[in-house]
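Novice: Okay, so here is input_10.pdb, and as you'll see once you scroll down, it has PDB, C-alpha atoms, pLDDT in the B column.
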```pdb
ATOM      1  CA  MET A   1      19.918   2.561  25.671  1.00 17.00           C
ATOM      2  CA  LEU A   2      17.789  -0.061  27.395  1.00 17.00           C
ATOM      3  CA  ILE A   3      14.696   2.101  27.165  1.00 20.00           C
ATOM      4  CA  LEU A   4      15.220   2.623  23.426  1.00 21.00           C
ATOM      5  CA  HIS A   5      15.702  -1.110  22.895  1.00 27.00           C
ATOM      6  CA  ARG A   6      12.540  -1.895  24.831  1.00 33.00           C
ATOM      7  CA  ARG A   7      10.554   0.626  22.811  1.00 38.00           C
ATOM      8  CA  VAL A   8      11.816  -0.822  19.532  1.00 42.00           C
ATOM      9  CA  GLN A   9      10.900  -4.312  20.705  1.00 43.00           C
ATOM     10  CA  LEU A  10       7.455  -3.060  21.712  1.00 43.00           C
ATOM     11  CA  LEU A  11       6.927  -1.565  18.253  1.00 52.00           C
ATOM     12  CA  GLN A  12       7.992  -4.808  16.578  1.00 54.00           C
ATOM     13  CA  MET A  13       5.638  -6.837  18.762  1.00 51.00           C
ATOM     14  CA  THR A  14       2.760  -4.476  17.955  1.00 66.00           C
ATOM     15  CA  LEU A  15       3.330  -4.795  14.213  1.00 68.00           C
ATOM     16  CA  VAL A  16       3.631  -8.575  14.459  1.00 75.00           C
ATOM     17  CA  ASP A  17       0.331  -8.797  16.336  1.00 78.00           C
ATOM     18  CA  CYS A  18      -1.403  -6.491  13.837  1.00 78.00           C
ATOM     19  CA  THR A  19      -0.056  -8.477  10.895  1.00 80.00           C
ATOM     20  CA  ARG A  20      -1.196 -11.771  12.386  1.00 83.00           C
ATOM     21  CA  GLU A  21      -4.641 -10.292  12.883  1.00 85.00           C
ATOM     22  CA  LYS A  22      -4.745  -9.195   9.234  1.00 86.00           C
ATOM     23  CA  PHE A  23      -3.762 -12.679   8.057  1.00 86.00           C
ATOM     24  CA  SER A  24      -6.568 -14.122  10.175  1.00 86.00           C
ATOM     25  CA  LYS A  25      -9.101 -11.628   8.778  1.00 88.00           C
ATOM     26  CA  TYR A  26      -8.034 -12.470   5.241  1.00 89.00           C
ATOM     27  CA  GLU A  27      -8.526 -16.192   5.808  1.00 87.00           C
ATOM     28  CA  GLN A  28     -11.998 -15.471   7.170  1.00 86.00           C
ATOM     29  CA  LEU A  29     -12.662 -13.363   4.085  1.00 87.00           C
ATOM     30  CA  LEU A  30     -11.843 -16.308   1.826  1.00 87.00           C
ATOM     31  CA  ASN A  31     -13.932 -18.772   3.820  1.00 81.00           C
ATOM     32  CA  ASP A  32     -16.964 -16.570   4.466  1.00 70.00           C
ATOM     33  CA  ALA A  33     -19.721 -17.474   2.029  1.00 60.00           C
ATOM     34  CA  GLY A  34     -22.295 -15.239   3.702  1.00 58.00           C
ATOM     35  CA  GLN A  35     -22.876 -11.506   3.420  1.00 64.00           C
ATOM     36  CA  LYS A  36     -20.279  -9.522   1.496  1.00 71.00           C
ATOM     37  CA  PRO A  37     -17.842  -7.963   3.992  1.00 78.00           C
ATOM     38  CA  GLU A  38     -16.461  -4.436   3.843  1.00 87.00           C
ATOM     39  CA  PHE A  39     -13.672  -4.765   1.310  1.00 93.00           C
ATOM     40  CA  TRP A  40     -12.541  -3.459  -2.063  1.00 95.00           C
ATOM     41  CA  ASP A  41     -15.173  -3.334  -4.785  1.00 95.00           C
ATOM     42  CA  VAL A  42     -12.530  -3.276  -7.501  1.00 96.00           C
ATOM     43  CA  VAL A  43      -8.859  -4.255  -7.548  1.00 97.00           C
ATOM     44  CA  VAL A  44      -6.977  -2.823 -10.526  1.00 97.00           C
ATOM     45  CA  ILE A  45      -3.569  -4.231 -11.440  1.00 96.00           C
ATOM     46  CA  THR A  46      -1.523  -2.404 -14.038  1.00 94.00           C
ATOM     47  CA  ALA A  47       0.546  -4.283 -16.613  1.00 91.00           C
ATOM     48  CA  ARG A  48       3.482  -3.206 -18.757  1.00 88.00           C
ATOM     49  CA  ASP A  49       1.782  -4.081 -22.056  1.00 89.00           C
ATOM     50  CA  ASP A  50      -0.954  -6.263 -23.532  1.00 91.00           C
ATOM     51  CA  SER A  51       1.227  -9.381 -23.422  1.00 90.00           C
ATOM     52  CA  GLN A  52       1.829  -9.006 -19.700  1.00 90.00           C
ATOM     53  CA  LYS A  53      -1.857  -8.197 -19.229  1.00 93.00           C
ATOM     54  CA  SER A  54      -2.844 -11.576 -20.675  1.00 94.00           C
ATOM     55  CA  ILE A  55      -0.439 -13.296 -18.261  1.00 92.00           C
ATOM     56  CA  PHE A  56      -1.835 -11.342 -15.300  1.00 94.00           C
ATOM     57  CA  ASP A  57      -5.419 -12.162 -16.321  1.00 95.00           C
ATOM     58  CA  TYR A  58      -4.558 -15.854 -16.433  1.00 95.00           C
ATOM     59  CA  GLN A  59      -2.847 -15.767 -13.038  1.00 93.00           C
ATOM     60  CA  ILE A  60      -5.845 -14.060 -11.446  1.00 95.00           C
ATOM     61  CA  SER A  61      -8.242 -16.597 -12.965  1.00 95.00           C
ATOM     62  CA  LEU A  62      -6.168 -19.385 -11.397  1.00 94.00           C
ATOM     63  CA  LYS A  63      -6.210 -17.646  -8.022  1.00 94.00           C
ATOM     64  CA  LYS A  64      -9.980 -17.296  -8.141  1.00 93.00           C
ATOM     65  CA  GLN A  65     -10.345 -20.990  -8.990  1.00 92.00           C
ATOM     66  CA  ARG A  66      -8.084 -21.936  -6.066  1.00 91.00           C
ATOM     67  CA  HIS A  67      -9.903 -19.514  -3.720  1.00 90.00           C
ATOM     68  CA  GLU A  68      -6.692 -17.616  -2.985  1.00 92.00           C
ATOM     69  CA  VAL A  69      -8.343 -14.220  -3.488  1.00 94.00           C
ATOM     70  CA  PRO A  70     -11.870 -13.035  -2.598  1.00 92.00           C
ATOM     71  CA  SER A  71     -14.288 -14.083  -5.332  1.00 89.00           C
ATOM     72  CA  PHE A  72     -16.744 -11.181  -4.848  1.00 91.00           C
ATOM     73  CA  VAL A  73     -14.161  -8.575  -5.923  1.00 94.00           C
ATOM     74  CA  LYS A  74     -13.973  -7.308  -9.505  1.00 95.00           C
ATOM     75  CA  TYR A  75     -10.368  -7.731 -10.720  1.00 97.00           C
ATOM     76  CA  ILE A  76      -9.318  -5.613 -13.681  1.00 97.00           C
ATOM     77  CA  VAL A  77      -5.907  -5.694 -15.357  1.00 97.00           C
ATOM     78  CA  ILE A  78      -5.118  -2.537 -17.320  1.00 96.00           C
ATOM     79  CA  SER A  79      -2.079  -2.343 -19.569  1.00 93.00           C
ATOM     80  CA  ASP A  80      -0.150   0.904 -19.827  1.00 91.00           C
ATOM     81  CA  PRO A  81      -0.598   2.931 -23.022  1.00 89.00           C
ATOM     82  CA  PRO A  82       1.778   1.902 -25.829  1.00 87.00           C
ATOM     83  CA  GLY A  83       4.800   4.014 -26.609  1.00 82.00           C
ATOM     84  CA  VAL A  84       6.774   6.075 -24.123  1.00 81.00           C
ATOM     85  CA  LYS A  85       6.328   4.881 -20.548  1.00 80.00           C
ATOM     86  CA  VAL A  86       4.253   7.270 -18.457  1.00 80.00           C
ATOM     87  CA  GLY A  87       5.304   6.113 -14.985  1.00 84.00           C
ATOM     88  CA  SER A  88       3.042   5.403 -12.027  1.00 86.00           C
ATOM     89  CA  GLY A  89       1.456   8.850 -12.173  1.00 87.00           C
ATOM     90  CA  GLY A  90       0.481   8.568 -15.816  1.00 90.00           C
ATOM     91  CA  SER A  91      -0.622   4.981 -15.282  1.00 92.00           C
ATOM     92  CA  THR A  92      -2.906   6.091 -12.436  1.00 93.00           C
ATOM     93  CA  LEU A  93      -4.602   8.668 -14.666  1.00 94.00           C
ATOM     94  CA  HIS A  94      -4.942   6.033 -17.390  1.00 94.00           C
ATOM     95  CA  CYS A  95      -6.636   3.659 -14.919  1.00 95.00           C
ATOM     96  CA  LEU A  96      -9.056   6.336 -13.722  1.00 95.00           C
ATOM     97  CA  GLU A  97      -9.935   7.177 -17.323  1.00 95.00           C
ATOM     98  CA  TYR A  98     -10.483   3.480 -18.084  1.00 95.00           C
ATOM     99  CA  LEU A  99     -12.819   3.030 -15.115  1.00 95.00           C
ATOM    100  CA  ALA A 100     -14.788   6.178 -15.947  1.00 94.00           C
ATOM    101  CA  ASN A 101     -15.135   5.268 -19.632  1.00 94.00           C
ATOM    102  CA  ASN A 102     -16.089   1.631 -19.054  1.00 94.00           C
ATOM    103  CA  PHE A 103     -18.175   1.845 -15.890  1.00 93.00           C
ATOM    104  CA  GLY A 104     -19.347   5.456 -15.846  1.00 90.00           C
ATOM    105  CA  GLN A 105     -18.180   8.537 -13.992  1.00 84.00           C
ATOM    106  CA  HIS A 106     -20.332   7.532 -11.021  1.00 84.00           C
ATOM    107  CA  SER A 107     -18.226   4.416 -10.430  1.00 85.00           C
ATOM    108  CA  LEU A 108     -15.371   6.412  -8.901  1.00 85.00           C
ATOM    109  CA  SER A 109     -17.763   8.023  -6.426  1.00 86.00           C
ATOM    110  CA  GLN A 110     -19.438   4.755  -5.428  1.00 91.00           C
ATOM    111  CA  TRP A 111     -16.635   2.192  -5.400  1.00 94.00           C
ATOM    112  CA  LYS A 112     -13.686   1.505  -3.182  1.00 95.00           C
ATOM    113  CA  VAL A 113     -10.881   0.888  -5.646  1.00 96.00           C
ATOM    114  CA  LEU A 114      -7.407  -0.487  -4.987  1.00 96.00           C
ATOM    115  CA  ILE A 115      -4.886   0.245  -7.758  1.00 96.00           C
ATOM    116  CA  ILE A 116      -1.709  -1.845  -7.638  1.00 95.00           C
ATOM    117  CA  HIS A 117       1.040  -0.642  -9.942  1.00 92.00           C
ATOM    118  CA  ALA A 118       2.743  -3.752 -11.297  1.00 88.00           C
ATOM    119  CA  GLY A 119       3.829  -2.791 -14.807  1.00 73.00           C
ATOM    120  CA  GLY A 120       7.519  -2.226 -14.143  1.00 68.00           C
ATOM    121  CA  PHE A 121      10.394  -3.992 -15.880  1.00 64.00           C
ATOM    122  CA  SER A 122      11.724  -5.631 -12.675  1.00 63.00           C
ATOM    123  CA  GLN A 123      15.241  -4.789 -13.841  1.00 58.00           C
ATOM    124  CA  ARG A 124      16.673  -5.430 -10.375  1.00 63.00           C
ATOM    125  CA  PHE A 125      14.671  -8.648 -10.110  1.00 62.00           C
ATOM    126  CA  PRO A 126      14.941 -10.232 -13.582  1.00 62.00           C
ATOM    127  CA  SER A 127      13.405 -13.535 -12.472  1.00 63.00           C
ATOM    128  CA  GLN A 128      10.107 -11.638 -12.096  1.00 64.00           C
ATOM    129  CA  SER A 129      10.317  -9.766 -15.403  1.00 62.00           C
ATOM    130  CA  VAL A 130       7.506 -11.845 -16.942  1.00 67.00           C
ATOM    131  CA  LEU A 131       5.096 -12.423 -14.055  1.00 75.00           C
ATOM    132  CA  GLY A 132       5.973  -9.172 -12.340  1.00 75.00           C
ATOM    133  CA  LYS A 133       6.650  -8.672  -8.656  1.00 82.00           C
ATOM    134  CA  VAL A 134       2.931  -8.735  -7.874  1.00 87.00           C
ATOM    135  CA  PHE A 135       3.060 -12.523  -8.383  1.00 86.00           C
ATOM    136  CA  LEU A 136       6.279 -13.067  -6.452  1.00 83.00           C
ATOM    137  CA  THR A 137       5.913 -16.006  -4.043  1.00 83.00           C
ATOM    138  CA  LEU A 138       6.541 -15.258  -0.365  1.00 81.00           C
ATOM    139  CA  PRO A 139       7.161 -17.893   2.347  1.00 78.00           C
ATOM    140  CA  CYS A 140       5.422 -15.858   5.028  1.00 71.00           C
ATOM    141  CA  SER A 141       2.383 -17.892   5.993  1.00 61.00           C
ATOM    142  CA  LYS A 142       1.225 -21.406   6.781  1.00 68.00           C
ATOM    143  CA  TYR A 143       1.294 -21.855   3.018  1.00 72.00           C
ATOM    144  CA  PRO A 144       3.117 -19.916   0.278  1.00 79.00           C
ATOM    145  CA  ILE A 145       1.381 -16.757  -0.849  1.00 85.00           C
ATOM    146  CA  GLN A 146       2.190 -14.202  -3.508  1.00 89.00           C
ATOM    147  CA  MET A 147       2.557 -10.449  -3.269  1.00 90.00           C
ATOM    148  CA  LEU A 148      -1.003  -9.908  -4.485  1.00 94.00           C
ATOM    149  CA  GLU A 149      -2.466 -11.769  -1.512  1.00 93.00           C
ATOM    150  CA  ALA A 150       0.033 -10.103   0.825  1.00 90.00           C
ATOM    151  CA  LEU A 151      -1.097  -6.666  -0.358  1.00 93.00           C
ATOM    152  CA  LEU A 152      -4.762  -7.571   0.051  1.00 94.00           C
ATOM    153  CA  MET A 153      -3.944  -8.727   3.583  1.00 91.00           C
ATOM    154  CA  MET A 154      -1.849  -5.703   4.526  1.00 89.00           C
ATOM    155  CA  TYR A 155      -4.502  -3.224   3.376  1.00 91.00           C
ATOM    156  CA  ILE A 156      -7.508  -5.220   4.570  1.00 92.00           C
ATOM    157  CA  SER A 157      -8.509  -2.517   7.071  1.00 88.00           C
ATOM    158  CA  ILE A 158      -8.322   0.401   4.610  1.00 90.00           C
ATOM    159  CA  PRO A 159     -11.768  -0.070   2.968  1.00 93.00           C
ATOM    160  CA  GLY A 160     -13.396   0.251   6.383  1.00 90.00           C
ATOM    161  CA  LYS A 161     -11.644   3.583   6.894  1.00 88.00           C
ATOM    162  CA  MET A 162     -12.873   5.227   3.676  1.00 89.00           C
ATOM    163  CA  ASN A 163     -16.272   6.153   2.249  1.00 89.00           C
ATOM    164  CA  TYR A 164     -15.276   5.572  -1.360  1.00 91.00           C
ATOM    165  CA  GLY A 165     -12.394   6.480  -3.617  1.00 91.00           C
ATOM    166  CA  VAL A 166      -9.081   5.138  -4.840  1.00 94.00           C
ATOM    167  CA  PHE A 167      -6.161   3.778  -2.836  1.00 93.00           C
ATOM    168  CA  ILE A 168      -2.871   3.452  -4.731  1.00 93.00           C
ATOM    169  CA  ALA A 169      -0.240   0.872  -3.797  1.00 92.00           C
ATOM    170  CA  ALA A 170       3.033  -0.422  -5.216  1.00 88.00           C
ATOM    171  CA  SER A 171       3.384  -4.106  -6.033  1.00 86.00           C
ATOM    172  CA  ASP A 172       6.818  -4.427  -4.423  1.00 83.00           C
ATOM    173  CA  VAL A 173       6.214  -2.843  -1.007  1.00 81.00           C
ATOM    174  CA  ILE A 174       4.799  -4.556   2.077  1.00 79.00           C
ATOM    175  CA  PHE A 175       3.736  -1.702   4.320  1.00 78.00           C
ATOM    176  CA  LEU A 176       3.345  -2.741   7.958  1.00 76.00           C
ATOM    177  CA  PHE A 177       1.355  -0.369  10.153  1.00 74.00           C
ATOM    178  CA  ASN A 178      -0.832  -0.310  13.237  1.00 71.00           C
ATOM    179  CA  GLU A 179      -4.412  -0.031  12.039  1.00 73.00           C
ATOM    180  CA  LYS A 180      -5.828   0.836  15.460  1.00 71.00           C
ATOM    181  CA  GLY A 181      -6.761   4.336  16.485  1.00 68.00           C
ATOM    182  CA  ASN A 182      -8.886   7.273  15.426  1.00 71.00           C
ATOM    183  CA  TRP A 183      -7.662   7.856  11.880  1.00 75.00           C
ATOM    184  CA  ASP A 184      -9.202   7.253   8.486  1.00 80.00           C
ATOM    185  CA  PHE A 185      -9.321   8.319   4.829  1.00 83.00           C
ATOM    186  CA  ARG A 186     -12.667  10.100   4.958  1.00 83.00           C
ATOM    187  CA  VAL A 187     -11.163  13.573   4.645  1.00 80.00           C
ATOM    188  CA  PRO A 188     -11.869  15.020   1.166  1.00 81.00           C
ATOM    189  CA  GLY A 189      -8.867  15.330  -1.116  1.00 82.00           C
ATOM    190  CA  PHE A 190      -5.619  13.386  -1.174  1.00 84.00           C
ATOM    191  CA  VAL A 191      -4.440  11.352   1.807  1.00 83.00           C
ATOM    192  CA  ALA A 192      -1.012   9.702   1.926  1.00 83.00           C
ATOM    193  CA  ILE A 193       0.694   7.293   4.328  1.00 82.00           C
ATOM    194  CA  ALA A 194       4.180   8.120   5.584  1.00 80.00           C
ATOM    195  CA  HIS A 195       6.549   7.244   8.418  1.00 76.00           C
ATOM    196  CA  PRO A 196       9.571   8.856  10.101  1.00 75.00           C
ATOM    197  CA  ALA A 197      12.909   7.773   8.644  1.00 77.00           C
ATOM    198  CA  SER A 198      16.580   8.602   8.786  1.00 80.00           C
ATOM    199  CA  LEU A 199      18.028  11.265   6.515  1.00 82.00           C
ATOM    200  CA  LYS A 200      20.066   8.583   4.744  1.00 84.00           C
ATOM    201  CA  LEU A 201      16.904   6.702   3.820  1.00 84.00           C
ATOM    202  CA  ALA A 202      14.748   9.751   3.151  1.00 83.00           C
ATOM    203  CA  LYS A 203      17.000  11.235   0.468  1.00 85.00           C
ATOM    204  CA  ASN A 204      16.281   8.237  -1.767  1.00 86.00           C
ATOM    205  CA  HIS A 205      12.505   8.429  -1.379  1.00 84.00           C
ATOM    206  CA  GLY A 206       9.603  10.844  -1.204  1.00 84.00           C
ATOM    207  CA  VAL A 207       9.446  13.144   1.826  1.00 85.00           C
ATOM    208  CA  PHE A 208       6.495  15.091   3.216  1.00 83.00           C
ATOM    209  CA  ILE A 209       7.298  18.375   4.951  1.00 82.00           C
ATOM    210  CA  LEU A 210       4.715  18.917   7.685  1.00 76.00           C
ATOM    211  CA  GLU A 211       3.179  22.192   8.764  1.00 73.00           C
ATOM    212  CA  ASP A 212       4.194  21.319  12.323  1.00 66.00           C
ATOM    213  CA  MET A 213       7.250  19.073  12.467  1.00 58.00           C
ATOM    214  CA  ILE A 214       7.644  19.119  16.248  1.00 57.00           C
ATOM    215  CA  SER A 215       4.319  18.043  17.786  1.00 56.00           C
ATOM    216  CA  PRO A 216       3.587  14.890  15.733  1.00 53.00           C
ATOM    217  CA  TRP A 217       7.219  13.837  15.967  1.00 54.00           C
ATOM    218  CA  GLY A 218       7.351  14.200  19.727  1.00 54.00           C
ATOM    219  CA  LYS A 219       4.130  12.240  20.140  1.00 54.00           C
ATOM    220  CA  TYR A 220       5.387   9.481  17.855  1.00 53.00           C
ATOM    221  CA  ARG A 221       8.700   9.235  19.692  1.00 53.00           C
ATOM    222  CA  SER A 222       7.086   9.187  23.133  1.00 51.00           C
ATOM    223  CA  ASP A 223       5.019   6.097  22.333  1.00 54.00           C
ATOM    224  CA  PRO A 224       6.084   4.219  19.176  1.00 51.00           C
ATOM    225  CA  SER A 225       3.379   1.612  19.742  1.00 53.00           C
ATOM    226  CA  SER A 226       0.665   4.257  19.471  1.00 56.00           C
ATOM    227  CA  PRO A 227      -1.620   4.246  16.422  1.00 58.00           C
ATOM    228  CA  ALA A 228      -0.978   6.381  13.379  1.00 66.00           C
ATOM    229  CA  MET A 229      -1.605  10.095  13.587  1.00 70.00           C
ATOM    230  CA  VAL A 230      -2.999  12.622  11.138  1.00 74.00           C
ATOM    231  CA  ALA A 231      -0.805  15.555  10.099  1.00 76.00           C
ATOM    232  CA  THR A 232      -0.965  18.274   7.445  1.00 78.00           C
ATOM    233  CA  PRO A 233       1.899  18.482   4.912  1.00 80.00           C
ATOM    234  CA  LYS A 234       2.936  21.778   3.383  1.00 80.00           C
ATOM    235  CA  CYS A 235       4.992  20.313   0.533  1.00 81.00           C
ATOM    236  CA  PHE A 236       6.393  17.107  -0.924  1.00 85.00           C
ATOM    237  CA  LEU A 237       9.982  16.444  -2.016  1.00 86.00           C
ATOM    238  CA  HIS A 238      11.085  13.488  -4.119  1.00 86.00           C
ATOM    239  CA  LYS A 239      14.613  12.031  -3.952  1.00 86.00           C
ATOM    240  CA  GLN A 240      16.302  15.251  -2.894  1.00 87.00           C
ATOM    241  CA  THR A 241      19.791  15.598  -1.447  1.00 86.00           C
ATOM    242  CA  ALA A 242      20.423  15.719   2.285  1.00 83.00           C
ATOM    243  CA  GLU A 243      21.301  19.408   1.962  1.00 84.00           C
ATOM    244  CA  VAL A 244      17.962  20.216   0.329  1.00 85.00           C
ATOM    245  CA  LEU A 245      16.044  18.254   2.958  1.00 82.00           C
ATOM    246  CA  LYS A 246      17.811  20.103   5.769  1.00 78.00           C
ATOM    247  CA  HIS A 247      17.168  23.449   4.081  1.00 75.00           C
ATOM    248  CA  LYS A 248      13.463  22.618   3.782  1.00 71.00           C
ATOM    249  CA  ASP A 249      13.194  21.938   7.534  1.00 62.00           C
ATOM    250  CA  SER A 250      12.400  18.269   7.048  1.00 58.00           C
ATOM    251  CA  TYR A 251      15.228  17.131   9.299  1.00 55.00           C
ATOM    252  CA  LEU A 252      15.369  17.321  13.090  1.00 50.00           C
ATOM    253  CA  PRO A 253      19.037  16.870  14.084  1.00 43.00           C
ATOM    254  CA  THR A 254      18.192  17.121  17.804  1.00 40.00           C
ATOM    255  CA  VAL A 255      16.006  14.006  17.658  1.00 37.00           C
ATOM    256  CA  PRO A 256      18.025  11.111  16.209  1.00 36.00           C
ATOM    257  CA  ILE A 257      16.227   8.179  14.607  1.00 36.00           C
TER     258      ILE A 257
END
```
Show me this structure written as structure tokens.
Specialist:
Amino acid sequence: MLILHRRVQLLQMTLVDCTREKFSKYEQLLNDAGQKPEFWDVVVITARDDSQKSIFDYQISLKKQRHEVPSFVKYIVISDPPGVKVGSGGSTLHCLEYLANNFGQHSLSQWKVLIIHAGGFSQRFPSQSVLGKVFLTLPCSKYPIQMLEALLMMYISIPGKMNYGVFIAASDVIFLFNEKGNWDFRVPGFVAIAHPASLKLAKNHGVFILEDMISPWGKYRSDPSSPAMVATPKCFLHKQTAEVLKHKDSYLPTVPI
């Protein structure tokens, strides 16, 4: 029990140190007037409709004036198509089509693009139904920041780990991870980020079933402060029951979380 507690504390300390480093890098990014650093070429933020798009555009213009976001980045707000809502998947395809039509097919093979899905209704957070959760204020720095800046901070190391392409993020998730180690997004195809979780949590989210469930898991458990590892999934399950997850060999009952 003491060893487990120490390992958990070690993991927390590692994430805290990494997060502090990202905050520091982001502040340098805002204050550096010299050569353009390795960062996103384009940040796309999706909006629910044209009305919300106009609000998002105004908020971003204010942030640029106040030097709260990097000025050298192209910020594009894209509203979802009218009519039936297409979800994050349909919105992603709509964004890719918009970029290709307005900037040429070559843009997607030459730019590093961050897409932040922010066009939800915020039904469980009605106070953010107008501005959206991407402009939710967080008291997590020397000065108040909003989710947009937090996301740019959290993913500040990703552009340096990819040649070009699109990275998709949610506007209501702060994903803490150790950016150190020999891993990147330069492998052709789709690359996703995941983490081990309890069965209770997993059944309400997306789950990747790995080709080899034992080796990566054992390595992760042996040193939770170690950097992220690369693994190959054989399938993906979304919000399935505990019984289905067990049947699909996604659950290791001999190794409790």
Novice: What separation in Å, quoted to one decimal, exists between CA of Leu131 (chain A) and CA of Lys64 (chain A)?
Specialist: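 Separating CA of Leu131 (chain A) from CA of Lys64 (chain A) is a distance of 16.9 Å.
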Novice: Starting from the shown file, work through the PyMOL selection byres ((chain A and resi 89) around 12) and note down what comes out as number ranges by chain.
Specialist: A: 46, 80, 85-88, 90-96, 115, 117, 168-170
Novice: In Å, rounded to a single decimal, give me how far CA of Val244 (chain A) is from CA of Asn204 (chain A).
Specialist: 12.3 Å
Novice: In Å, how far is it from CA of Ile116 (chain A) to CA of Ser157 (chain A)?
Specialist: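 That distance, rounded to one decimal, is 16.2 Å.
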Novice: Can you tell me, as a ChimeraX atom specification, what residues are no more than 12 Å from region 18-25 of chain A when counting only C-alpha atoms, ignoring any on the same chain fewer than 6 positions away?
Specialist: /A:11-12,31-32,37-39,70,140-143,145,149-158,174-180,225,227
Novice: Would you kindly return, as an NGL selection string, each protein, DNA or RNA residue with an atom no farther than 12 Å from any atom of Ser54 (chain A), considering only C-alpha atoms and excluding same-chain residues fewer than 5 positions away?
Specialist: :A and (45-49 or 59-61 or 76-79 or 130-131)
Novice: Assuming the chain letters and numbering stay as they are in my file, what does the PyMOL selection byres ((chain A and resi 234-241) around 10) actually select? List them as a list in words.
Specialist: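 What the PyMOL selection byres ((chain A and resi 234-241) around 10) grabs from the file is Leu199, Lys200, Leu201, Ala202, Lys203, Asn204, His205, Gly206, Val207, Phe208, Ile209, Leu210, Glu211, Asp212, Ala231, Thr232, Pro233, Ala242, Glu243, Val244, Leu245, Lys246, His247, Lys248 and Ser250 of chain A.
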Novice: In terms of the shortest atom-to-atom distance over only C-alpha atoms, which of A:Lys133, A:His67, A:Lys53, A:Lys74 is closest to Lys112 (chain A)?
Specialist: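 Looking only at the distances to Lys112 (chain A), the closest residue turns out to be A:Lys74.
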Novice: Compare A:Leu30, A:Val43, A:Tyr75, A:Lys161 by their minimum atom-to-atom distance to Tyr58 (chain A), counting only C-alpha atoms, and give me the closest one.
Specialist: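 Among the listed residues, A:Tyr75 lies closest to Tyr58 (chain A).
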